[in-house]
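Novice: Below you'll find protein29.cif; it's mmCIF, C-alpha atoms.
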```
data_data
#
loop_
_atom_site.label_atom_id
_atom_site.label_comp_id
_atom_site.auth_asym_id
_atom_site.auth_seq_id
_atom_site.Cartn_x
_atom_site.Cartn_y
_atom_site.Cartn_z
CA ASP G 1 7.81 7.22 14.53
CA GLN G 2 6.55 8.25 11.10
CA GLN G 3 9.33 7.34 8.69
CA VAL G 4 7.41 8.60 5.64
CA LYS G 5 5.48 11.83 5.87
CA GLN G 6 3.05 13.57 3.62
CA ASN G 7 2.47 16.87 5.35
CA SER G 8 -0.34 18.13 3.13
CA PRO G 9 -3.54 16.22 3.81
CA SER G 10 -5.28 17.85 0.86
CA LEU G 11 -4.62 19.82 -2.30
CA SER G 12 -6.94 21.52 -4.78
CA VAL G 13 -5.80 22.35 -8.29
CA GLN G 14 -7.52 23.77 -11.34
CA GLU G 15 -7.89 21.45 -14.33
CA GLY G 16 -4.99 21.83 -16.74
CA ARG G 17 -2.60 23.17 -14.11
CA ILE G 18 0.25 21.34 -12.39
CA SER G 19 -0.34 19.28 -9.25
CA ILE G 20 2.66 18.85 -6.96
CA LEU G 21 2.45 16.31 -4.17
CA ASN G 22 5.26 16.08 -1.65
CA CYS G 23 6.69 13.35 0.53
CA ASP G 24 9.52 13.35 3.08
CA TYR G 25 11.29 10.40 4.62
CA THR G 26 13.71 9.94 7.48
CA ASN G 27 15.27 6.51 6.95
CA SER G 28 18.38 6.69 4.77
CA MET G 29 18.14 2.93 4.15
CA PHE G 30 15.18 3.46 1.84
CA ASP G 31 16.36 2.99 -1.74
CA TYR G 32 13.17 2.70 -3.76
CA PHE G 33 10.11 4.91 -3.75
CA LEU G 34 6.66 4.59 -5.26
CA TRP G 35 3.48 6.58 -5.66
CA TYR G 36 0.07 4.97 -5.48
CA LYS G 37 -3.32 6.42 -6.24
CA LYS G 38 -6.38 5.33 -4.31
CA TYR G 39 -10.05 5.81 -5.02
CA PRO G 40 -12.65 5.24 -2.28
CA ALA G 41 -13.49 1.57 -1.66
CA GLU G 42 -10.63 0.39 -3.89
CA GLY G 43 -7.11 -0.78 -3.26
CA PRO G 44 -4.11 1.42 -4.09
CA THR G 45 -3.14 1.49 -7.77
CA PHE G 46 0.53 1.73 -8.73
CA LEU G 47 1.37 4.96 -10.49
CA ILE G 48 5.11 5.51 -10.79
CA SER G 49 8.33 4.63 -9.02
CA ILE G 50 11.93 5.72 -8.70
CA SER G 51 15.13 4.11 -7.59
CA SER G 52 17.52 6.00 -5.35
CA ILE G 53 20.16 5.93 -8.09
CA LYS G 54 17.99 8.30 -10.12
CA ASP G 55 16.69 11.77 -9.44
CA LYS G 56 13.83 11.82 -11.92
CA ASN G 57 11.44 9.41 -13.60
CA GLU G 58 8.73 10.29 -16.10
CA ASP G 59 5.69 8.42 -17.32
CA GLY G 60 3.33 10.43 -19.44
CA ARG G 61 1.75 13.17 -17.35
CA PHE G 62 3.44 11.92 -14.18
CA THR G 63 6.98 12.75 -13.07
CA VAL G 64 8.59 11.80 -9.79
CA PHE G 65 11.58 13.74 -8.48
CA LEU G 66 13.91 12.47 -5.77
CA ASN G 67 16.23 14.65 -3.70
CA LYS G 68 18.26 12.22 -1.64
CA SER G 69 20.19 14.82 0.30
CA ALA G 70 16.94 16.40 1.45
CA LYS G 71 15.20 13.02 1.81
CA HIS G 72 12.36 14.43 -0.23
CA LEU G 73 10.38 13.25 -3.21
CA SER G 74 7.61 14.85 -5.16
CA LEU G 75 5.05 13.81 -7.75
CA HIS G 76 4.17 16.23 -10.53
CA ILE G 77 1.04 15.76 -12.58
CA VAL G 78 0.85 17.90 -15.71
CA PRO G 79 -1.73 18.72 -16.91
CA SER G 80 -4.07 17.78 -14.08
CA GLN G 81 -7.40 16.24 -15.02
CA PRO G 82 -10.60 15.78 -12.99
CA GLY G 83 -10.07 12.01 -13.14
CA ASP G 84 -6.86 12.49 -11.17
CA SER G 85 -8.91 13.37 -8.09
CA ALA G 86 -8.02 10.70 -5.54
CA VAL G 87 -5.83 10.08 -2.50
CA TYR G 88 -2.16 9.75 -3.34
CA PHE G 89 0.21 7.74 -1.15
CA CYS G 90 3.98 7.68 -1.32
CA ALA G 91 5.71 4.51 -0.21
CA ALA G 92 9.33 3.75 0.57
CA VAL G 93 11.16 0.44 0.43
CA THR G 94 14.47 -1.02 1.54
CA THR G 95 15.24 -3.46 -1.25
CA SER G 96 17.77 -5.44 0.73
CA GLY G 97 14.98 -6.69 3.00
CA THR G 98 11.49 -8.03 2.50
CA TYR G 99 10.36 -5.17 0.24
CA LYS G 100 7.66 -4.23 2.72
CA TYR G 101 6.32 -0.77 2.06
CA ILE G 102 6.30 2.08 4.52
CA PHE G 103 3.50 4.42 3.46
CA GLY G 104 2.82 8.06 4.12
CA THR G 105 -0.57 9.17 5.35
CA GLY G 106 -1.75 10.32 1.95
CA THR G 107 -2.71 13.56 0.21
CA ARG G 108 -6.22 14.02 -1.13
CA LEU G 109 -6.02 15.71 -4.52
CA LYS G 110 -9.04 17.45 -5.94
CA VAL G 111 -8.84 18.67 -9.51
CA LEU G 112 -11.45 21.30 -10.21
CA ALA G 113 -13.08 21.44 -13.63
CA ASP T 6 -4.63 -11.20 -15.94
CA THR T 7 -7.36 -10.83 -13.36
CA GLY T 8 -5.32 -8.90 -10.81
CA VAL T 9 -5.32 -9.45 -7.07
CA SER T 10 -8.71 -10.44 -5.70
CA GLN T 11 -9.97 -10.43 -2.13
CA ASP T 12 -13.01 -11.97 -0.55
CA PRO T 13 -15.22 -10.83 1.05
CA ARG T 14 -15.18 -7.15 0.14
CA HIS T 15 -17.08 -6.23 3.28
CA LYS T 16 -17.54 -7.96 6.61
CA ILE T 17 -19.58 -6.87 9.61
CA THR T 18 -19.15 -8.93 12.73
CA LYS T 19 -19.81 -8.74 16.43
CA ARG T 20 -17.03 -8.33 18.93
CA GLY T 21 -15.61 -11.68 19.97
CA GLN T 22 -16.38 -13.47 16.71
CA ASN T 23 -13.73 -14.96 14.40
CA VAL T 24 -13.35 -13.79 10.81
CA THR T 25 -11.32 -15.06 7.87
CA PHE T 26 -10.34 -13.20 4.74
CA ARG T 27 -9.00 -14.63 1.52
CA CYS T 28 -6.56 -13.18 -1.00
CA ASP T 29 -5.82 -14.55 -4.46
CA PRO T 30 -2.65 -12.94 -5.81
CA ILE T 31 -1.76 -12.44 -9.44
CA SER T 32 -0.88 -15.79 -10.95
CA GLU T 33 2.75 -16.78 -10.45
CA HIS T 34 3.49 -13.92 -8.10
CA ASN T 35 5.68 -15.50 -5.45
CA ARG T 36 5.48 -12.69 -2.89
CA LEU T 37 2.31 -11.86 -0.99
CA TYR T 38 1.79 -9.09 1.55
CA TRP T 39 -0.98 -8.15 3.97
CA TYR T 40 -1.50 -4.56 5.06
CA ARG T 41 -4.07 -2.83 7.25
CA GLN T 42 -5.40 0.64 6.66
CA THR T 43 -7.36 2.70 9.16
CA LEU T 44 -9.10 6.00 8.51
CA GLY T 45 -6.74 8.85 7.75
CA GLN T 46 -3.68 6.63 7.68
CA GLY T 47 -1.64 4.95 5.01
CA PRO T 48 -1.57 1.16 4.79
CA GLU T 49 0.56 -0.51 7.48
CA PHE T 50 2.49 -3.71 6.89
CA LEU T 51 1.21 -6.79 8.69
CA THR T 52 2.96 -9.81 7.22
CA TYR T 53 4.77 -11.17 4.16
CA PHE T 54 5.02 -14.53 2.41
CA GLN T 55 7.54 -15.72 -0.11
CA ASN T 56 5.88 -18.71 -1.70
CA GLU T 57 4.41 -20.62 1.25
CA ALA T 58 6.89 -19.35 3.85
CA GLN T 59 5.83 -16.55 6.17
CA LEU T 60 9.05 -14.58 6.46
CA GLU T 61 8.09 -11.52 8.44
CA LYS T 62 5.35 -10.46 10.83
CA SER T 63 4.76 -6.96 12.13
CA ARG T 64 4.36 -6.37 15.84
CA LEU T 65 0.91 -5.07 14.85
CA LEU T 66 -0.01 -8.71 14.29
CA SER T 67 -1.09 -9.81 17.73
CA ASP T 68 -1.53 -13.48 18.64
CA ARG T 69 -5.20 -13.17 17.66
CA PHE T 70 -4.09 -12.82 14.04
CA SER T 71 -2.85 -15.68 11.90
CA ALA T 72 -2.04 -15.82 8.22
CA GLU T 73 -1.36 -18.75 5.96
CA ARG T 74 -0.40 -19.40 2.38
CA PRO T 75 -0.52 -23.20 2.30
CA LYS T 76 0.41 -23.92 -1.30
CA GLY T 77 2.13 -20.71 -2.20
CA SER T 78 -0.91 -19.45 -4.05
CA PHE T 79 -3.88 -17.94 -2.19
CA SER T 80 -3.57 -16.68 1.37
CA THR T 81 -5.93 -16.38 4.32
CA LEU T 82 -5.87 -13.95 7.21
CA GLU T 83 -7.82 -14.96 10.30
CA ILE T 84 -8.68 -12.75 13.23
CA GLN T 85 -9.86 -14.51 16.36
CA ARG T 86 -11.95 -12.88 19.09
CA THR T 87 -12.35 -9.69 17.11
CA GLU T 88 -12.20 -6.35 18.89
CA GLN T 89 -13.58 -2.99 17.81
CA GLY T 90 -10.02 -1.80 17.22
CA ASP T 91 -9.70 -4.41 14.47
CA SER T 92 -12.10 -2.41 12.30
CA ALA T 93 -10.09 -1.41 9.25
CA MET T 94 -9.49 -2.09 5.57
CA TYR T 95 -7.35 -5.21 5.10
CA LEU T 96 -5.33 -5.06 1.90
CA CYS T 97 -3.47 -7.81 0.12
CA ALA T 98 -0.71 -7.20 -2.41
CA SER T 99 1.53 -9.39 -4.53
CA SER T 100 4.72 -8.99 -6.51
CA ASN T 101 6.74 -11.15 -8.87
CA ARG T 102 10.32 -12.39 -8.96
CA VAL T 103 11.40 -9.99 -11.68
CA VAL T 104 10.11 -6.65 -10.40
CA GLN T 105 9.97 -7.31 -6.70
CA GLU T 106 9.77 -3.64 -5.82
CA THR T 107 6.31 -3.12 -7.32
CA GLN T 108 3.36 -4.52 -5.43
CA TYR T 109 -0.10 -4.82 -6.91
CA PHE T 110 -2.94 -4.40 -4.48
CA GLY T 111 -6.33 -6.01 -4.29
CA PRO T 112 -9.53 -4.07 -3.59
CA GLY T 113 -9.36 -4.81 0.12
CA THR T 114 -11.73 -6.26 2.70
CA ARG T 115 -13.43 -3.69 4.89
CA LEU T 116 -14.05 -5.06 8.37
CA LEU T 117 -16.44 -3.48 10.85
CA VAL T 118 -16.53 -4.92 14.35
CA LEU T 119 -19.61 -3.91 16.32
#
```
Once you've parsed the file, please lay out its structure as structure tokens.

Specialist:
Amino acid sequence: DQQVKQNSPSLSVQEGRISILNCDYTNSMFDYFLWYKKYPAEGPTFLISISSIKDKNEDGRFTVFLNKSAKHLSLHIVPSQPGDSAVYFCAAVTTSGTYKYIFGTGTRLKVLA
Amino acid sequence: DTGVSQDPRHKITKRGQNVTFRCDPISEHNRLYWYRQTLGQGPEFLTYFQNEAQLEKSRLLSDRFSAERPKGSFSTLEIQRTEQGDSAMYLCASSNRVVQETQYFGPGTRLLVL
């Protein structure tokens, strides 16, 4: 039972354009969501997060949107840069518990120069 | 701040051998997590420590797996009688008391069981 889904295994975007990565979840108990970026042979690096009491959070070029009714979140990267090429994972947490993450399967983003 | 470190970074072993991995969390982080990642999948939760207490174990953690965090600082993950299905990236993460929601990951230990 995949509680967090990233249905697009890969995405290619031209440098300077917007990258939109999507994530869907099924468990309504999740109340905190995060995006991590992962390069080959490295651990995931924290990018941005959002609490379920918000619908948007921005940090520089990165914005995360949360639609609770649709159980959907998305990560927007504007403008995209070649250095953004990596695998992006969304993770969901129930903060009343142990804070263990439930991850999606990842989306490989390739930003073309 | 040196971040989360893991040792070794790579381990190749023969089926049936025991292996042990070490994780050093960020200093003063009281929570420590172990995850496992296989090809094409996201990391999967294995176990969690708050200080030295192991508070949750995933059903993925068979009785061949054991984890410790004896003094509430570094942690070890041991796999006994390794099987080829244990081949994966083993990730350690830690978080602090203030921002418990954000975990910081180490570089991982890649295990290959032949």

Novice: Determine the axis-aligned bounding box of all atoms of region 48-66 of chain T present in the file, pad each side by 8 Å, and express its centre and edge lengths in Å to one decimal place as JSON.

Specialist:
```
{"center_x": 3.7, "center_y": -9.7, "center_z": 7.1, "size_x": 26.6, "size_y": 37.8, "size_z": 33.5}
```

Novice: For the structure shown, which residues end up in the PyMOL selection byres ((chain T and resi 72-87) around 9)? Put them as a PDB file with C-alpha atoms, in the coordinates of the input, please?

Specialist:
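Generated file (selection31.pdb):
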```
ATOM      1  CA  THR T  18     -19.150  -8.930  12.730  1.00  0.00           C
ATOM      2  CA  LYS T  19     -19.810  -8.740  16.430  1.00  0.00           C
ATOM      3  CA  ARG T  20     -17.030  -8.330  18.930  1.00  0.00           C
ATOM      4  CA  GLY T  21     -15.610 -11.680  19.970  1.00  0.00           C
ATOM      5  CA  GLN T  22     -16.380 -13.470  16.710  1.00  0.00           C
ATOM      6  CA  ASN T  23     -13.730 -14.960  14.400  1.00  0.00           C
ATOM      7  CA  VAL T  24     -13.350 -13.790  10.810  1.00  0.00           C
ATOM      8  CA  THR T  25     -11.320 -15.060   7.870  1.00  0.00           C
ATOM      9  CA  PHE T  26     -10.340 -13.200   4.740  1.00  0.00           C
ATOM     10  CA  ARG T  27      -9.000 -14.630   1.520  1.00  0.00           C
ATOM     11  CA  CYS T  28      -6.560 -13.180  -1.000  1.00  0.00           C
ATOM     12  CA  ASP T  29      -5.820 -14.550  -4.460  1.00  0.00           C
ATOM     13  CA  PRO T  30      -2.650 -12.940  -5.810  1.00  0.00           C
ATOM     14  CA  ILE T  31      -1.760 -12.440  -9.440  1.00  0.00           C
ATOM     15  CA  SER T  32      -0.880 -15.790 -10.950  1.00  0.00           C
ATOM     16  CA  GLU T  33       2.750 -16.780 -10.450  1.00  0.00           C
ATOM     17  CA  HIS T  34       3.490 -13.920  -8.100  1.00  0.00           C
ATOM     18  CA  ASN T  35       5.680 -15.500  -5.450  1.00  0.00           C
ATOM     19  CA  ARG T  36       5.480 -12.690  -2.890  1.00  0.00           C
ATOM     20  CA  LEU T  37       2.310 -11.860  -0.990  1.00  0.00           C
ATOM     21  CA  TRP T  39      -0.980  -8.150   3.970  1.00  0.00           C
ATOM     22  CA  THR T  52       2.960  -9.810   7.220  1.00  0.00           C
ATOM     23  CA  PHE T  54       5.020 -14.530   2.410  1.00  0.00           C
ATOM     24  CA  GLN T  55       7.540 -15.720  -0.110  1.00  0.00           C
ATOM     25  CA  ASN T  56       5.880 -18.710  -1.700  1.00  0.00           C
ATOM     26  CA  GLU T  57       4.410 -20.620   1.250  1.00  0.00           C
ATOM     27  CA  ALA T  58       6.890 -19.350   3.850  1.00  0.00           C
ATOM     28  CA  GLN T  59       5.830 -16.550   6.170  1.00  0.00           C
ATOM     29  CA  ASP T  68      -1.530 -13.480  18.640  1.00  0.00           C
ATOM     30  CA  ARG T  69      -5.200 -13.170  17.660  1.00  0.00           C
ATOM     31  CA  PHE T  70      -4.090 -12.820  14.040  1.00  0.00           C
ATOM     32  CA  SER T  71      -2.850 -15.680  11.900  1.00  0.00           C
ATOM     33  CA  GLU T  88     -12.200  -6.350  18.890  1.00  0.00           C
ATOM     34  CA  GLN T  89     -13.580  -2.990  17.810  1.00  0.00           C
ATOM     35  CA  GLY T  90     -10.020  -1.800  17.220  1.00  0.00           C
ATOM     36  CA  ASP T  91      -9.700  -4.410  14.470  1.00  0.00           C
ATOM     37  CA  SER T  92     -12.100  -2.410  12.300  1.00  0.00           C
ATOM     38  CA  CYS T  97      -3.470  -7.810   0.120  1.00  0.00           C
ATOM     39  CA  VAL T 118     -16.530  -4.920  14.350  1.00  0.00           C
TER      40      VAL T 118
END
```

Novice: Report as a PyMOL selection string all protein, DNA and RNA residues lying within 6 Å of region 56-72 of chain G, evaluated on all atoms listed in the file, omitting residues in the same chain fewer than 5 positions from it.

Specialist: chain G and resi 23-25+77-78

Novice: If you keep C-alpha atoms, can you produce a file of those selected residues as a compact mmCIF listing (two decimals), keeping the file's coordinate frame?

Specialist:
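Output below, filename part-v7.txt:
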```txt
# COMPACT_ATOMS: atom_id res chain seq x y z
CA CYS G 23 6.69 13.35 0.53
CA ASP G 24 9.52 13.35 3.08
CA TYR G 25 11.29 10.40 4.62
CA ILE G 77 1.04 15.76 -12.58
CA VAL G 78 0.85 17.90 -15.71
```

Novice: Under the rule of at most 6 Å, produce a per-residue listing of chain G near chain T: chain, number, name, the closest pair of atoms, and the distance in Å, as a tab-separated table, using only C-alpha atoms.

Specialist:
```
residue	atom	partner	partner_atom	distance
G:Glu42	CA	T:Pro112	CA	4.6
G:Gly43	CA	T:Pro112	CA	4.1
G:Pro44	CA	T:Phe110	CA	5.9
G:Phe103	CA	T:Gly47	CA	5.4
G:Gly104	CA	T:Gly47	CA	5.5
G:Thr105	CA	T:Gly47	CA	4.4
```

Novice: For the selection just defined, write its residues with C-alpha atoms to a file, as a PDB file, in the frame of the given file.

Specialist:
```pdb
ATOM      1  CA  GLU G  42     -10.630   0.390  -3.890  1.00  0.00           C
ATOM      2  CA  GLY G  43      -7.110  -0.780  -3.260  1.00  0.00           C
ATOM      3  CA  PRO G  44      -4.110   1.420  -4.090  1.00  0.00           C
ATOM      4  CA  PHE G 103       3.500   4.420   3.460  1.00  0.00           C
ATOM      5  CA  GLY G 104       2.820   8.060   4.120  1.00  0.00           C
ATOM      6  CA  THR G 105      -0.570   9.170   5.350  1.00  0.00           C
TER       7      THR G 105
END
```

Novice: Considering only C-alpha atoms, return as a list in words whatever protein or nucleic-acid residues lie within 6 Å of Trp35 (chain G), sequence-local ones (same chain, fewer than 4 positions apart) excluded.

Specialist: Leu47, Ile48, Phe89 and Cys90 of chain G

Novice: Enumerate, as a CSV table (one decimal) with C-alpha atoms, keeping the file's coordinate frame, the residues matched when the PyMOL selection byres ((chain G and resi 9-21) around 6) is run on the file above.

Specialist:
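What landed in out.csv:
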```csv
chain,number,residue,atom,x,y,z
G,8,SER,CA,-0.3,18.1,3.1
G,22,ASN,CA,5.3,16.1,-1.6
G,74,SER,CA,7.6,14.8,-5.2
G,75,LEU,CA,5.0,13.8,-7.8
G,76,HIS,CA,4.2,16.2,-10.5
G,77,ILE,CA,1.0,15.8,-12.6
G,78,VAL,CA,0.8,17.9,-15.7
G,79,PRO,CA,-1.7,18.7,-16.9
G,80,SER,CA,-4.1,17.8,-14.1
G,81,GLN,CA,-7.4,16.2,-15.0
G,107,THR,CA,-2.7,13.6,0.2
G,108,ARG,CA,-6.2,14.0,-1.1
G,109,LEU,CA,-6.0,15.7,-4.5
G,110,LYS,CA,-9.0,17.4,-5.9
G,111,VAL,CA,-8.8,18.7,-9.5
G,112,LEU,CA,-11.4,21.3,-10.2
G,113,ALA,CA,-13.1,21.4,-13.6
```

Novice: Calculate how many Å separate CA of Ala91 (chain G) from CA of Ser51 (chain G), rounding to one decimal.

Specialist: 12.0 Å

Novice: So the first atom is CA of Thr26 (chain G) and the second is CA of Gln6 (chain G); what is the distance between them in Å, to one decimal place?

Specialist: 11.9 Å

Novice: Please compute the CA of Ala41 (chain G)-CA of Asp1 (chain G) distance, one decimal, in Å.

Specialist: 27.3 Å

Novice: Quick one: of T:Gln11, T:Leu117, T:Ala93, T:Ser99, who's nearest to Arg41 (chain T), counting all atoms listed in the file?

Specialist: T:Ala93

Novice: Write region 73-88 of chain T as a PDB file, keeping the file's coordinate frame, completed to N, CA and C atoms.

Specialist:
```pdb
ATOM      1  N   GLU T  73      -1.910 -17.560   6.588  1.00  0.00           N
ATOM      2  CA  GLU T  73      -1.360 -18.750   5.960  1.00  0.00           C
ATOM      3  C   GLU T  73      -1.320 -18.575   4.455  1.00  0.00           C
ATOM      4  N   ARG T  74      -0.430 -19.315   3.837  1.00  0.00           N
ATOM      5  CA  ARG T  74      -0.400 -19.400   2.380  1.00  0.00           C
ATOM      6  C   ARG T  74       0.035 -20.836   2.056  1.00  0.00           C
ATOM      7  N   PRO T  75      -0.888 -21.780   2.245  1.00  0.00           N
ATOM      8  CA  PRO T  75      -0.520 -23.200   2.300  1.00  0.00           C
ATOM      9  C   PRO T  75       0.158 -23.764   1.058  1.00  0.00           C
ATOM     10  N   LYS T  76      -0.201 -23.342  -0.101  1.00  0.00           N
ATOM     11  CA  LYS T  76       0.410 -23.920  -1.300  1.00  0.00           C
ATOM     12  C   LYS T  76       1.145 -22.863  -2.117  1.00  0.00           C
ATOM     13  N   GLY T  77       1.436 -21.757  -1.486  1.00  0.00           N
ATOM     14  CA  GLY T  77       2.130 -20.710  -2.200  1.00  0.00           C
ATOM     15  C   GLY T  77       1.282 -19.985  -3.212  1.00  0.00           C
ATOM     16  N   SER T  78      -0.047 -20.188  -3.119  1.00  0.00           N
ATOM     17  CA  SER T  78      -0.910 -19.450  -4.050  1.00  0.00           C
ATOM     18  C   SER T  78      -1.776 -18.484  -3.262  1.00  0.00           C
ATOM     19  N   PHE T  79      -3.022 -18.847  -2.954  1.00  0.00           N
ATOM     20  CA  PHE T  79      -3.880 -17.940  -2.190  1.00  0.00           C
ATOM     21  C   PHE T  79      -3.430 -17.874  -0.734  1.00  0.00           C
ATOM     22  N   SER T  80      -3.901 -16.848  -0.042  1.00  0.00           N
ATOM     23  CA  SER T  80      -3.570 -16.680   1.370  1.00  0.00           C
ATOM     24  C   SER T  80      -4.837 -16.381   2.155  1.00  0.00           C
ATOM     25  N   THR T  81      -4.822 -16.744   3.417  1.00  0.00           N
ATOM     26  CA  THR T  81      -5.930 -16.380   4.320  1.00  0.00           C
ATOM     27  C   THR T  81      -5.380 -15.622   5.515  1.00  0.00           C
ATOM     28  N   LEU T  82      -6.178 -14.697   5.996  1.00  0.00           N
ATOM     29  CA  LEU T  82      -5.870 -13.950   7.210  1.00  0.00           C
ATOM     30  C   LEU T  82      -7.035 -14.147   8.159  1.00  0.00           C
ATOM     31  N   GLU T  83      -6.773 -14.713   9.319  1.00  0.00           N
ATOM     32  CA  GLU T  83      -7.820 -14.960  10.300  1.00  0.00           C
ATOM     33  C   GLU T  83      -7.613 -14.070  11.506  1.00  0.00           C
ATOM     34  N   ILE T  84      -8.698 -13.509  11.989  1.00  0.00           N
ATOM     35  CA  ILE T  84      -8.680 -12.750  13.230  1.00  0.00           C
ATOM     36  C   ILE T  84      -9.598 -13.456  14.206  1.00  0.00           C
ATOM     37  N   GLN T  85      -9.053 -13.850  15.328  1.00  0.00           N
ATOM     38  CA  GLN T  85      -9.860 -14.510  16.360  1.00  0.00           C
ATOM     39  C   GLN T  85     -10.280 -13.493  17.415  1.00  0.00           C
ATOM     40  N   ARG T  86     -11.441 -13.724  17.980  1.00  0.00           N
ATOM     41  CA  ARG T  86     -11.950 -12.880  19.090  1.00  0.00           C
ATOM     42  C   ARG T  86     -11.827 -11.404  18.725  1.00  0.00           C
ATOM     43  N   THR T  87     -12.484 -11.047  17.638  1.00  0.00           N
ATOM     44  CA  THR T  87     -12.350  -9.690  17.110  1.00  0.00           C
ATOM     45  C   THR T  87     -12.678  -8.629  18.154  1.00  0.00           C
ATOM     46  N   GLU T  88     -11.994  -7.509  18.023  1.00  0.00           N
ATOM     47  CA  GLU T  88     -12.200  -6.350  18.890  1.00  0.00           C
ATOM     48  C   GLU T  88     -12.570  -5.159  18.001  1.00  0.00           C
TER      49      GLU T  88
END
```
